[in-house]
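Structure, as C-alpha cells:
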Amino acid sequence: MRFVHATLYPPSPVTVTIALLPDDLVDQIAAGEVVERPASVAKELIENAIDAGAKRVQIDIEGGGVGLLRVADDGIGMSREDARLAIRRHATSKIRTHADLERIETMGFRGEALPSIASVSRFSLVTRTRDADEATEVRIDGGGEASVQATSRAPGTTITVSDLFYNVPARRKFLKATGTESTHVSDVVLRAALADPALHLVLTRDGRRVRDLVPAPDARRRAIMLFPDERLGEIEGERGGVVVRAMLGPPERARSGANSLHLYVNRRPVRDRSIARAVAFAYGSVVPPGRYPVGVVWIELDPTRVDVNVHPQKAEVRFEDSRTVLDAITRALAGGLGTSPFRTSSPQPAASDGFRTADYWQDRLSSSGVLAAVSSEGASAWGLGGESEPVPYAPAPAIAPLTRERAPELFGDGQSAPRGPFGGLRVLGQVKKTFLVCESEGALVIIDQHAADERVHFHRLRAAYESRTVPIQRLLLPERVELLASEAALVESQGEVLATLGIEAAVIGETTVAVRGIPAIVRRASPERLLRDVLAELGRTGSRAFGDAIDTALATMACHGSIRAGDALSVPECEGLLRALDEVDDFSRHCPHGRPIVFEIGFGELGRKVGR
C-alpha cells in the first residue's frame with residue numbers, strides 16, 4: 001500500500017527579499033492596532049478635542065458609528081498647513097524630544113490616530129483657527145491622495161468618518177450589531193465626561209439625542225450626575241506623592257467584575273486589574289474577592305513615574321514602581337473608608353475566579369510596611385470602621401443546638417425518600433451558623449451549608465435550563481434597574497437567553513431595564529443584583545464558549561438563591577439539604593465555583609490526634 005502525503009496549504013517558496021511596505025498598507029496595519037471599532041475612533045477624536053482646549057464636543061453616529069461618525073469641537077482649530085500634516089503618520093504637536101515622551105501630560109501624543117482612521121474609511125477634516133478668514137477641508141478615501149480646499153466653519157474642528165472598514169471587509173465582518181457598537185460609543189462618551197468634568201458632551205444616535213452631559217463644577221458633581229442611583233461616597237487621600245480622589249459606592253452595591261469601576265491615571269482612562277484589585281482590597285473583607293465597588297477613582301502622580309506609551313490605544317499604563325503606587329492607592333482609600341483590610345482575613349476566592357488571593361496582597365504589601373495598621377483620617381465614608389483598636393480574639397461559640405420546632409421550609413420533609421450517602425448522615429449541630437456537623441459510621445463530617453445549597457440550586461437550575469423549563473417567579477411590580485449602556489445593550493441582544501435562564505427583563509429607556517420575573521428556584525435573590533451579576537458573566541465570555549458563560553451565569557444565580565453563612569437552620573432543614581445533595585450526581589462534593597462542600601475526619605485519625 002502506498003501512502004501519498006498531501007497538505008491543504010502547500011508551502012510557499014522561501015524568499016529572502018526584503019521590501020519596504022507601501023504607505024497605504026503600513027497605515028492599514030497601524031489602523032489594526034489603533035482602530036478596533038467605531039468606539040476606538042470616537043475615543044481618539046474626543047481626546048484630540050480635549051487636547052485642543054474644546055469646551056463643547058458633539059458626537060453624531062449613524063449605523064452604530066460604522067455608517068457615519070462625526071466629532072465636532074470648538075477648540076483652537078488648525079491652520080491649513082497643520083491640517084495637511086495632521087493626516088501624515090507620526091505628525092503631532094504634542095511632543096518634540098525624547099524628554100517630552102517621558103513626561104506626557106496630553107491625552108494623545110503618537111500622531112497615529114488620524115492617518116490610521118483615514119486609511120480605513122472615507123475621511124473628512126474641516127478646521128479653522130480663531131484668527132483665520134476661512135476654514136480648511138481635507139478629504140481622503142481609504143488612505144489615498146488627500147484633497148485640500150477652502151470652506152467655511154466656525155473656529156474649531158469637525159472630523160467625519162464614513163463607511164468605516166469599507167476597504168477592509170475582513171475587519172468589518174467582526175463588528176457587532178448596531179446597538180452594541182452604539183453602546184460602546186456611548187461608554188466612550190461617559191469615560192470622557194469623567195476625565196474632564198468641565199467638558200460639555202452631546203451624543204446623537206441616528207439623529208436622536210441620547211446624551212447631553214452639561215459641564216459640572218468638579219469631578220464629584222460629574223460622578224453624581226452620571227451615577228445618580230449609586231449612593232457614591234467621596235474619598236480623598238495622598239500617599240508618597242500619589243493623590244487619590246474617589247467617588248465609590250457602598251460594599252453591598254459591589255458587582256461581579258470591574259466594568260462599573262472607572263479608573264483614571266492623570267486624567268487618562270485606563271484598564272488595569274491590579275489597580276482595580278487595590279481599590280477593592282481597601283474595603284477589606286466586606287467586599288469578597290471577584291467583586292468590585294461601583295464608582296470612579298482618579299489617580300494623580302508625577303508623569304515621569306508613569307509610562308503611558310505601552311498600548312496602541314493608550315488604554316494601559318505602567319508605573320515606575322507599581323508596588324509603591326498600589327500600596328498608596330489602597331492605603332489612601334482604606335484611610336477614607338475607615339477600614340483596615342490588613343487586619344482581617346478576606347475570604348478566599350473561588351477556584352474559577354482567576355483573581356489573586358488576600359495572601360498574595362499581603363506578601364506584596366508587606367515589604368513596603370503597609371501591613372501596619374491603616375489609620376482613619378476622618379469619618380468613614382460608609383461606616384465600615386474608624387479609629388479603633390484591633391478586635392480582640394473571642395472564642396468561637398459552641399455547636400448550636402438544633403430543634404425540630406420549625407417545619408422544613410426549603411426542601412420538604414422527604415421522609416419517604418431513600419437516603420444516600422449525604423442523607424444517611426446524622427446531624428449533630430451547626431457551628432457559627434455556617435457549618436453543619438454530622439456523623440457517619442466512620443467519620444466526623446463537616447458540611448459548608450452555603451456551598452452545599454449552591455450546588456443543589458446549580459444542579460436544579462442547569463437541569464431546568466437544558467430542558468428549557470426554568471420556572472419563573474413573576475414580580476408583583478416590575479423592578480426598575482439602572483444599568484451601564486453596555487449592560488442595557490446586552491439585555492436587548494440577549495433577551496432570549498435571559499428568558500431561558502428564567503429572567504424576564506426588558507429595556508424601557510437608554511439605560512433603564514424593567515425586571516418582571518426571576519427564577520422561582522432563587523426567589524430569595526435581589527432581582528437587581530441577580531440581573532447585574534448574570535449580565536457580567538454573559539458579557540465576559542472572552543475566549544470562552546458561550547455555553548461556559550451560561551454555566552457561569554447559572555452558578556451565579558445559584559449563589560444568589562442559596563442559604564448563606566449566618567442562616568440558622570432547623571434539624572429538618574439540615575436533613576433536607578443533605579438529602580438534596582444526594583440528587584446531585586456530578587461533582588456533588590464541590591460547589592459550582594470549585595470550592596469543597598465537605599470535609600471529613602475519620603474517627604481513627606481523630607483518636608490519634610487526641611492520643612487515644
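Just remember, in the C-alpha cells the first chain shown is A, the second B, etc., residues are 1-based per chain, and ligands are 1-based in the order shown.
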Show me, as a PyMOL selection string, the residues that have an atom within 6 Å of region 61-64 of chain A when counting only C-alpha atoms, minus same-chain residues fewer than 4 positions from it. chain A and resi 68-69+178+181-182+205-206
Within 10 Å of region 496-512 of chain A, counting only C-alpha atoms, which residues show up once you throw out same-chain ones fewer than 4 positions away? Write them as a ChimeraX atom specification, please. /A:183,210-211,461-462,464-475,478-492,516-522,527,530-531,534-535,538,550,553-554,557
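Counting only C-alpha atoms and comparing A:Val279, A:Val41, A:Val202, A:Val161, the residue that lies closest to Leu337 (chain A) is A:Val279.
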Distance query Pro293 (chain A) at most 7 Å, only C-alpha atoms, self and fewer than 5 positions along chain excluded, as a PyMOL selection string: chain A and resi 248-249+251+253-255+261+280
Put those residues in a file: N, CA and C atoms, as a short mmCIF file (atom, residue, chain, number, x, y, z; two decimals), in the first residue's frame.
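Heads up, here's the output in out10.cif:
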data_model
loop_
_atom_site.label_atom_id
_atom_site.label_comp_id
_atom_site.auth_asym_id
_atom_site.auth_seq_id
_atom_site.Cartn_x
_atom_site.Cartn_y
_atom_site.Cartn_z
N LEU A 248 -17.02 56.42 45.39
CA LEU A 248 -17.24 54.97 45.39
C LEU A 248 -18.54 54.61 46.08
N GLY A 249 -19.14 53.52 45.63
CA GLY A 249 -20.38 53.04 46.21
C GLY A 249 -20.16 52.19 47.43
N PRO A 251 -20.33 48.88 49.99
CA PRO A 251 -19.93 47.49 49.69
C PRO A 251 -21.07 46.62 49.22
N ARG A 253 -23.27 47.29 47.23
CA ARG A 253 -23.56 47.54 45.81
C ARG A 253 -22.44 47.03 44.91
N ALA A 254 -21.43 46.38 45.48
CA ALA A 254 -20.31 45.87 44.68
C ALA A 254 -20.82 44.85 43.67
N ARG A 255 -20.16 44.79 42.51
CA ARG A 255 -20.62 43.95 41.42
C ARG A 255 -19.55 42.96 41.00
N LEU A 261 -16.32 49.96 37.65
CA LEU A 261 -15.30 50.73 38.36
C LEU A 261 -14.45 51.44 37.31
N ALA A 280 -10.55 47.44 45.46
CA ALA A 280 -11.45 46.51 46.15
C ALA A 280 -10.86 46.08 47.49
#
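The neighbours of Ala246 (chain A) here are the residues that come within 7 Å of it, using only C-alpha atoms and leaving out any residue fewer than 4 positions away in the same chain; they are Glu234, Ile235, Glu236, Val296, Val297 and Trp298 of chain A.
CA of Val515 (chain A) sits 23.0 Å away from CA of Glu454 (chain A).
Nearest residue to Gln449 (chain A), choosing from A:Pro155, A:Pro596, A:Gly495, A:Gly424 and counting only C-alpha atoms: A:Pro596.
Taking only C-alpha atoms, the non-local environment of Thr434 (chain A) within 8 Å (same-chain residues fewer than 5 positions away omitted) comprises Asp448, Gln449, His450, Arg564, Ala565, Gly566 and Asp567 of chain A.
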Residues as selected, N, CA, C and O atoms, written as a PDB file, in the first residue's frame, can you do that?
ATOM      1  N   ASP A 448     -20.213  22.625  54.489  1.00  0.00           N
ATOM      2  CA  ASP A 448     -20.403  24.070  54.291  1.00  0.00           C
ATOM      3  C   ASP A 448     -21.814  24.282  53.758  1.00  0.00           C
ATOM      4  O   ASP A 448     -22.127  23.903  52.629  1.00  0.00           O
ATOM      5  N   GLN A 449     -22.687  24.875  54.559  1.00  0.00           N
ATOM      6  CA  GLN A 449     -24.102  24.930  54.184  1.00  0.00           C
ATOM      7  C   GLN A 449     -24.339  25.771  52.931  1.00  0.00           C
ATOM      8  O   GLN A 449     -25.194  25.437  52.110  1.00  0.00           O
ATOM      9  N   HIS A 450     -23.602  26.863  52.763  1.00  0.00           N
ATOM     10  CA  HIS A 450     -23.808  27.690  51.567  1.00  0.00           C
ATOM     11  C   HIS A 450     -23.326  26.962  50.317  1.00  0.00           C
ATOM     12  O   HIS A 450     -24.033  26.914  49.298  1.00  0.00           O
ATOM     13  N   ARG A 564     -27.217  31.214  53.185  1.00  0.00           N
ATOM     14  CA  ARG A 564     -25.981  31.959  53.431  1.00  0.00           C
ATOM     15  C   ARG A 564     -25.333  31.528  54.742  1.00  0.00           C
ATOM     16  O   ARG A 564     -25.986  30.965  55.631  1.00  0.00           O
ATOM     17  N   ALA A 565     -24.042  31.840  54.847  1.00  0.00           N
ATOM     18  CA  ALA A 565     -23.401  31.730  56.148  1.00  0.00           C
ATOM     19  C   ALA A 565     -24.110  32.707  57.079  1.00  0.00           C
ATOM     20  O   ALA A 565     -24.349  33.863  56.720  1.00  0.00           O
ATOM     21  N   GLY A 566     -24.482  32.255  58.242  1.00  0.00           N
ATOM     22  CA  GLY A 566     -25.222  33.102  59.172  1.00  0.00           C
ATOM     23  C   GLY A 566     -26.698  32.761  59.245  1.00  0.00           C
ATOM     24  O   GLY A 566     -27.411  33.262  60.114  1.00  0.00           O
ATOM     25  N   ASP A 567     -27.174  31.914  58.328  1.00  0.00           N
ATOM     26  CA  ASP A 567     -28.576  31.487  58.372  1.00  0.00           C
ATOM     27  C   ASP A 567     -28.712  30.310  59.334  1.00  0.00           C
ATOM     28  O   ASP A 567     -28.043  29.283  59.188  1.00  0.00           O
TER      29      ASP A 567
END
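Closest approach to Ala568 (chain A) from the set A:Leu436, A:Leu164, A:Leu21, A:Leu45 is made by A:Leu436, with distances taken over only C-alpha atoms.
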DSSP on the backbone: which residues in region 397-557 of chain A end up as strand (DSSP E or B)? Give the answer as a compact mmCIF listing (two decimals) with all heavy atoms, in the first residue's frame.
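Output contents, as saved in result.txt:
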# COMPACT_ATOMS: atom_id res chain seq x y z
N ALA A 400 -24.21 25.03 67.94
CA ALA A 400 -25.56 25.49 68.23
C ALA A 400 -26.52 24.31 68.25
O ALA A 400 -26.53 23.50 67.32
CB ALA A 400 -26.00 26.49 67.17
N ARG A 426 -26.00 11.61 60.23
CA ARG A 426 -26.73 12.08 61.41
C ARG A 426 -26.28 13.49 61.75
O ARG A 426 -25.09 13.72 61.97
CB ARG A 426 -26.49 11.15 62.59
CG ARG A 426 -27.34 11.51 63.82
CD ARG A 426 -27.33 10.37 64.82
NE ARG A 426 -26.06 10.26 65.53
CZ ARG A 426 -25.81 10.87 66.70
NH1 ARG A 426 -26.73 11.63 67.27
NH2 ARG A 426 -24.64 10.70 67.28
N VAL A 427 -27.22 14.42 61.76
CA VAL A 427 -26.90 15.83 62.03
C VAL A 427 -26.69 16.03 63.52
O VAL A 427 -27.57 15.71 64.34
CB VAL A 427 -28.02 16.76 61.52
CG1 VAL A 427 -27.70 18.21 61.86
CG2 VAL A 427 -28.23 16.59 60.03
N LEU A 428 -25.50 16.56 63.89
CA LEU A 428 -25.19 16.81 65.29
C LEU A 428 -25.44 18.26 65.68
O LEU A 428 -25.82 18.54 66.82
CB LEU A 428 -23.73 16.46 65.57
CG LEU A 428 -23.30 15.02 65.28
CD1 LEU A 428 -21.81 14.85 65.56
CD2 LEU A 428 -24.11 14.04 66.11
N GLY A 429 -25.18 19.18 64.77
CA GLY A 429 -25.35 20.59 65.12
C GLY A 429 -24.85 21.51 64.03
O GLY A 429 -24.47 21.07 62.94
N GLN A 430 -24.85 22.79 64.35
CA GLN A 430 -24.44 23.83 63.41
C GLN A 430 -23.42 24.72 64.11
O GLN A 430 -23.65 25.18 65.23
CB GLN A 430 -25.68 24.64 62.98
CG GLN A 430 -25.44 25.63 61.86
CD GLN A 430 -26.70 26.45 61.55
OE1 GLN A 430 -27.55 26.64 62.41
NE2 GLN A 430 -26.81 26.95 60.34
N VAL A 431 -22.29 24.99 63.45
CA VAL A 431 -21.24 25.82 64.03
C VAL A 431 -21.23 27.18 63.33
O VAL A 431 -21.20 27.25 62.09
CB VAL A 431 -19.85 25.15 63.87
CG1 VAL A 431 -18.75 26.08 64.35
CG2 VAL A 431 -19.81 23.84 64.64
N PHE A 435 -21.52 26.00 59.30
CA PHE A 435 -21.13 24.63 59.02
C PHE A 435 -22.05 23.65 59.74
O PHE A 435 -22.38 23.85 60.91
CB PHE A 435 -19.68 24.38 59.47
CG PHE A 435 -18.69 25.31 58.84
CD1 PHE A 435 -18.15 26.36 59.57
CD2 PHE A 435 -18.29 25.15 57.52
CE1 PHE A 435 -17.23 27.23 59.01
CE2 PHE A 435 -17.38 26.00 56.94
CZ PHE A 435 -16.85 27.05 57.68
N LEU A 436 -22.44 22.62 59.02
CA LEU A 436 -23.20 21.53 59.63
C LEU A 436 -22.22 20.47 60.09
O LEU A 436 -21.34 20.05 59.32
CB LEU A 436 -24.18 20.93 58.62
CG LEU A 436 -25.11 21.89 57.88
CD1 LEU A 436 -26.09 21.09 57.02
CD2 LEU A 436 -25.85 22.80 58.84
N VAL A 437 -22.36 20.04 61.33
CA VAL A 437 -21.51 18.98 61.88
C VAL A 437 -22.34 17.71 61.91
O VAL A 437 -23.40 17.65 62.54
CB VAL A 437 -21.01 19.35 63.29
CG1 VAL A 437 -20.12 18.23 63.83
CG2 VAL A 437 -20.27 20.66 63.26
N CYS A 438 -21.85 16.69 61.21
CA CYS A 438 -22.61 15.45 61.05
C CYS A 438 -21.72 14.25 61.40
O CYS A 438 -20.50 14.36 61.51
CB CYS A 438 -23.11 15.30 59.60
SG CYS A 438 -24.01 16.74 58.97
N GLU A 439 -22.38 13.10 61.55
CA GLU A 439 -21.67 11.88 61.90
C GLU A 439 -22.05 10.77 60.92
O GLU A 439 -23.23 10.57 60.62
CB GLU A 439 -22.05 11.45 63.32
CG GLU A 439 -21.39 10.16 63.77
CD GLU A 439 -21.89 9.72 65.14
OE1 GLU A 439 -22.77 10.41 65.71
OE2 GLU A 439 -21.43 8.66 65.61
N ALA A 443 -16.73 8.52 60.42
CA ALA A 443 -16.06 9.83 60.39
C ALA A 443 -16.97 10.94 60.91
O ALA A 443 -18.20 10.81 60.96
CB ALA A 443 -15.61 10.16 58.97
N LEU A 444 -16.30 12.00 61.33
CA LEU A 444 -16.98 13.26 61.62
C LEU A 444 -16.98 14.05 60.32
O LEU A 444 -15.95 14.23 59.68
CB LEU A 444 -16.21 14.03 62.71
CG LEU A 444 -16.89 15.27 63.28
CD1 LEU A 444 -18.12 14.88 64.09
CD2 LEU A 444 -15.90 16.04 64.16
N VAL A 445 -18.16 14.53 59.89
CA VAL A 445 -18.31 15.16 58.58
C VAL A 445 -18.76 16.61 58.77
O VAL A 445 -19.74 16.87 59.46
CB VAL A 445 -19.34 14.40 57.72
CG1 VAL A 445 -19.45 15.03 56.33
CG2 VAL A 445 -18.96 12.92 57.60
N ILE A 446 -17.99 17.53 58.16
CA ILE A 446 -18.31 18.96 58.22
C ILE A 446 -18.82 19.39 56.85
O ILE A 446 -18.16 19.19 55.83
CB ILE A 446 -17.07 19.80 58.59
CG1 ILE A 446 -16.34 19.20 59.80
CG2 ILE A 446 -17.46 21.25 58.84
CD1 ILE A 446 -17.14 19.18 61.06
N ILE A 447 -19.99 20.02 56.80
CA ILE A 447 -20.62 20.46 55.55
C ILE A 447 -20.71 21.98 55.54
O ILE A 447 -21.21 22.58 56.50
CB ILE A 447 -22.03 19.88 55.39
CG1 ILE A 447 -22.02 18.35 55.52
CG2 ILE A 447 -22.66 20.33 54.07
CD1 ILE A 447 -21.51 17.62 54.34
N ASP A 448 -20.21 22.62 54.49
CA ASP A 448 -20.40 24.07 54.29
C ASP A 448 -21.81 24.28 53.76
O ASP A 448 -22.13 23.90 52.63
CB ASP A 448 -19.36 24.59 53.29
CG ASP A 448 -19.45 26.10 53.06
OD1 ASP A 448 -20.56 26.66 53.15
OD2 ASP A 448 -18.41 26.70 52.76
N ILE A 472 -40.50 30.44 36.48
CA ILE A 472 -40.28 31.88 36.71
C ILE A 472 -41.22 32.38 37.80
O ILE A 472 -42.43 32.07 37.80
CB ILE A 472 -40.51 32.67 35.42
CG1 ILE A 472 -39.46 32.27 34.37
CG2 ILE A 472 -40.44 34.18 35.67
CD1 ILE A 472 -39.65 32.94 33.02
N GLN A 473 -40.67 33.13 38.74
CA GLN A 473 -41.45 33.81 39.76
C GLN A 473 -41.65 35.25 39.29
O GLN A 473 -40.71 36.04 39.30
CB GLN A 473 -40.72 33.77 41.10
CG GLN A 473 -41.39 34.60 42.20
CD GLN A 473 -42.69 33.96 42.68
OE1 GLN A 473 -42.70 32.79 43.03
NE2 GLN A 473 -43.77 34.71 42.69
N ARG A 474 -42.85 35.59 38.85
CA ARG A 474 -43.08 36.95 38.36
C ARG A 474 -43.26 37.90 39.53
O ARG A 474 -43.90 37.57 40.53
CB ARG A 474 -44.28 36.98 37.42
CG ARG A 474 -43.94 36.36 36.07
CD ARG A 474 -45.07 36.36 35.07
NE ARG A 474 -44.57 35.91 33.78
CZ ARG A 474 -44.38 34.64 33.45
NH1 ARG A 474 -44.65 33.70 34.35
NH2 ARG A 474 -43.91 34.32 32.27
N LEU A 475 -42.68 39.09 39.39
CA LEU A 475 -42.74 40.09 40.45
C LEU A 475 -44.08 40.78 40.44
O LEU A 475 -44.67 41.04 39.38
CB LEU A 475 -41.62 41.11 40.28
CG LEU A 475 -40.19 40.54 40.16
CD1 LEU A 475 -39.19 41.68 40.02
CD2 LEU A 475 -39.85 39.67 41.35
N LEU A 476 -44.57 41.12 41.62
CA LEU A 476 -45.85 41.83 41.72
C LEU A 476 -45.76 43.16 40.99
O LEU A 476 -46.68 43.55 40.25
CB LEU A 476 -46.21 42.04 43.20
CG LEU A 476 -47.57 42.70 43.47
CD1 LEU A 476 -48.69 41.83 42.92
CD2 LEU A 476 -47.75 42.93 44.96
N LEU A 477 -44.65 43.87 41.21
CA LEU A 477 -44.38 45.12 40.50
C LEU A 477 -43.01 45.00 39.85
O LEU A 477 -42.05 44.59 40.50
CB LEU A 477 -44.39 46.31 41.46
CG LEU A 477 -45.72 46.64 42.13
CD1 LEU A 477 -45.54 47.74 43.17
CD2 LEU A 477 -46.75 47.08 41.09
N PRO A 478 -42.87 45.33 38.57
CA PRO A 478 -41.55 45.26 37.92
C PRO A 478 -40.54 46.13 38.67
O PRO A 478 -40.88 47.21 39.19
CB PRO A 478 -41.81 45.81 36.51
CG PRO A 478 -43.29 45.64 36.29
CD PRO A 478 -43.92 45.82 37.64
N GLU A 479 -39.32 45.65 38.75
CA GLU A 479 -38.25 46.41 39.41
C GLU A 479 -37.41 47.13 38.36
O GLU A 479 -36.86 46.49 37.46
CB GLU A 479 -37.37 45.48 40.25
CG GLU A 479 -36.29 46.24 41.01
CD GLU A 479 -35.73 45.45 42.17
OE1 GLU A 479 -36.45 44.58 42.70
OE2 GLU A 479 -34.57 45.71 42.55
N ARG A 480 -37.35 48.46 38.47
CA ARG A 480 -36.56 49.26 37.53
C ARG A 480 -35.10 49.23 37.96
O ARG A 480 -34.79 49.46 39.13
CB ARG A 480 -37.06 50.70 37.49
CG ARG A 480 -38.44 50.86 36.87
CD ARG A 480 -38.98 52.25 37.13
NE ARG A 480 -38.15 53.27 36.54
CZ ARG A 480 -38.36 53.82 35.35
NH1 ARG A 480 -39.39 53.42 34.61
NH2 ARG A 480 -37.58 54.77 34.87
N VAL A 481 -34.22 48.96 37.00
CA VAL A 481 -32.79 48.86 37.30
C VAL A 481 -32.05 49.76 36.32
O VAL A 481 -32.25 49.66 35.11
CB VAL A 481 -32.28 47.42 37.16
CG1 VAL A 481 -30.79 47.34 37.48
CG2 VAL A 481 -33.08 46.48 38.06
N GLU A 482 -31.20 50.64 36.85
CA GLU A 482 -30.35 51.49 36.02
C GLU A 482 -29.04 50.75 35.75
O GLU A 482 -28.35 50.36 36.69
CB GLU A 482 -30.07 52.83 36.71
CG GLU A 482 -31.26 53.77 36.74
CD GLU A 482 -31.70 54.21 35.35
OE1 GLU A 482 -30.83 54.35 34.47
OE2 GLU A 482 -32.91 54.40 35.15
N GLU A 504 -36.89 37.54 33.29
CA GLU A 504 -37.68 38.33 32.35
C GLU A 504 -37.32 39.80 32.55
O GLU A 504 -37.57 40.37 33.62
CB GLU A 504 -39.16 38.13 32.58
CG GLU A 504 -39.67 36.76 32.12
CD GLU A 504 -41.19 36.67 32.17
OE1 GLU A 504 -41.83 37.63 32.66
OE2 GLU A 504 -41.74 35.65 31.74
N ALA A 505 -36.69 40.40 31.55
CA ALA A 505 -36.25 41.79 31.65
C ALA A 505 -36.43 42.44 30.29
O ALA A 505 -36.25 41.80 29.25
CB ALA A 505 -34.79 41.87 32.09
N ALA A 506 -36.77 43.74 30.30
CA ALA A 506 -36.97 44.47 29.06
C ALA A 506 -36.38 45.86 29.21
O ALA A 506 -36.47 46.49 30.27
CB ALA A 506 -38.46 44.56 28.73
N VAL A 507 -35.75 46.34 28.13
CA VAL A 507 -35.19 47.69 28.12
C VAL A 507 -36.33 48.69 27.94
O VAL A 507 -37.11 48.58 26.99
CB VAL A 507 -34.16 47.85 26.98
CG1 VAL A 507 -33.63 49.27 26.94
CG2 VAL A 507 -33.02 46.85 27.16
N THR A 512 -32.22 52.04 31.21
CA THR A 512 -33.15 51.55 32.23
C THR A 512 -33.78 50.25 31.78
O THR A 512 -34.23 50.12 30.64
CB THR A 512 -34.25 52.59 32.51
OG1 THR A 512 -33.65 53.85 32.84
CG2 THR A 512 -35.13 52.15 33.66
N VAL A 513 -33.82 49.29 32.68
CA VAL A 513 -34.38 47.97 32.40
C VAL A 513 -35.42 47.65 33.46
O VAL A 513 -35.24 47.97 34.64
CB VAL A 513 -33.27 46.91 32.39
CG1 VAL A 513 -33.85 45.50 32.38
CG2 VAL A 513 -32.36 47.09 31.18
N ALA A 514 -36.51 47.05 33.04
CA ALA A 514 -37.53 46.58 33.98
C ALA A 514 -37.41 45.07 34.12
O ALA A 514 -37.49 44.34 33.13
CB ALA A 514 -38.91 46.97 33.48
N VAL A 515 -37.20 44.62 35.35
CA VAL A 515 -37.15 43.18 35.64
C VAL A 515 -38.55 42.75 36.08
O VAL A 515 -39.08 43.27 37.06
CB VAL A 515 -36.12 42.86 36.74
CG1 VAL A 515 -36.07 41.35 37.00
CG2 VAL A 515 -34.75 43.38 36.36
N ARG A 516 -39.13 41.81 35.34
CA ARG A 516 -40.50 41.39 35.61
C ARG A 516 -40.58 40.00 36.23
O ARG A 516 -41.62 39.62 36.77
CB ARG A 516 -41.32 41.42 34.31
CG ARG A 516 -41.42 42.81 33.69
CD ARG A 516 -42.44 42.85 32.56
NE ARG A 516 -42.64 44.21 32.09
CZ ARG A 516 -42.03 44.75 31.04
NH1 ARG A 516 -41.17 44.01 30.35
NH2 ARG A 516 -42.26 45.99 30.68
N GLY A 517 -39.50 39.24 36.15
CA GLY A 517 -39.53 37.90 36.72
C GLY A 517 -38.13 37.35 36.91
O GLY A 517 -37.20 37.72 36.19
N ILE A 518 -37.98 36.49 37.90
CA ILE A 518 -36.69 35.82 38.18
C ILE A 518 -36.98 34.34 38.40
O ILE A 518 -38.13 33.94 38.62
CB ILE A 518 -35.99 36.43 39.41
CG1 ILE A 518 -36.84 36.25 40.67
CG2 ILE A 518 -35.65 37.89 39.18
CD1 ILE A 518 -36.15 36.68 41.94
N PRO A 519 -35.96 33.48 38.33
CA PRO A 519 -36.20 32.05 38.53
C PRO A 519 -36.81 31.78 39.91
O PRO A 519 -36.35 32.30 40.93
CB PRO A 519 -34.80 31.44 38.42
CG PRO A 519 -34.01 32.42 37.62
CD PRO A 519 -34.55 33.76 38.00
Just list as a ChimeraX atom specification whatever in region 104-351 of chain A DSSP marks as helix (DSSP H, G or I). /A:113-118,169-172,178-195,219-226,251-253,273-281,284-286,303-305,322-337
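Of the residues listed (A:Gly423, A:Pro303, A:Pro288, A:Gly240), A:Gly423 shows the shortest atom-to-atom separation from Glu573 (chain A); distances use only C-alpha atoms.
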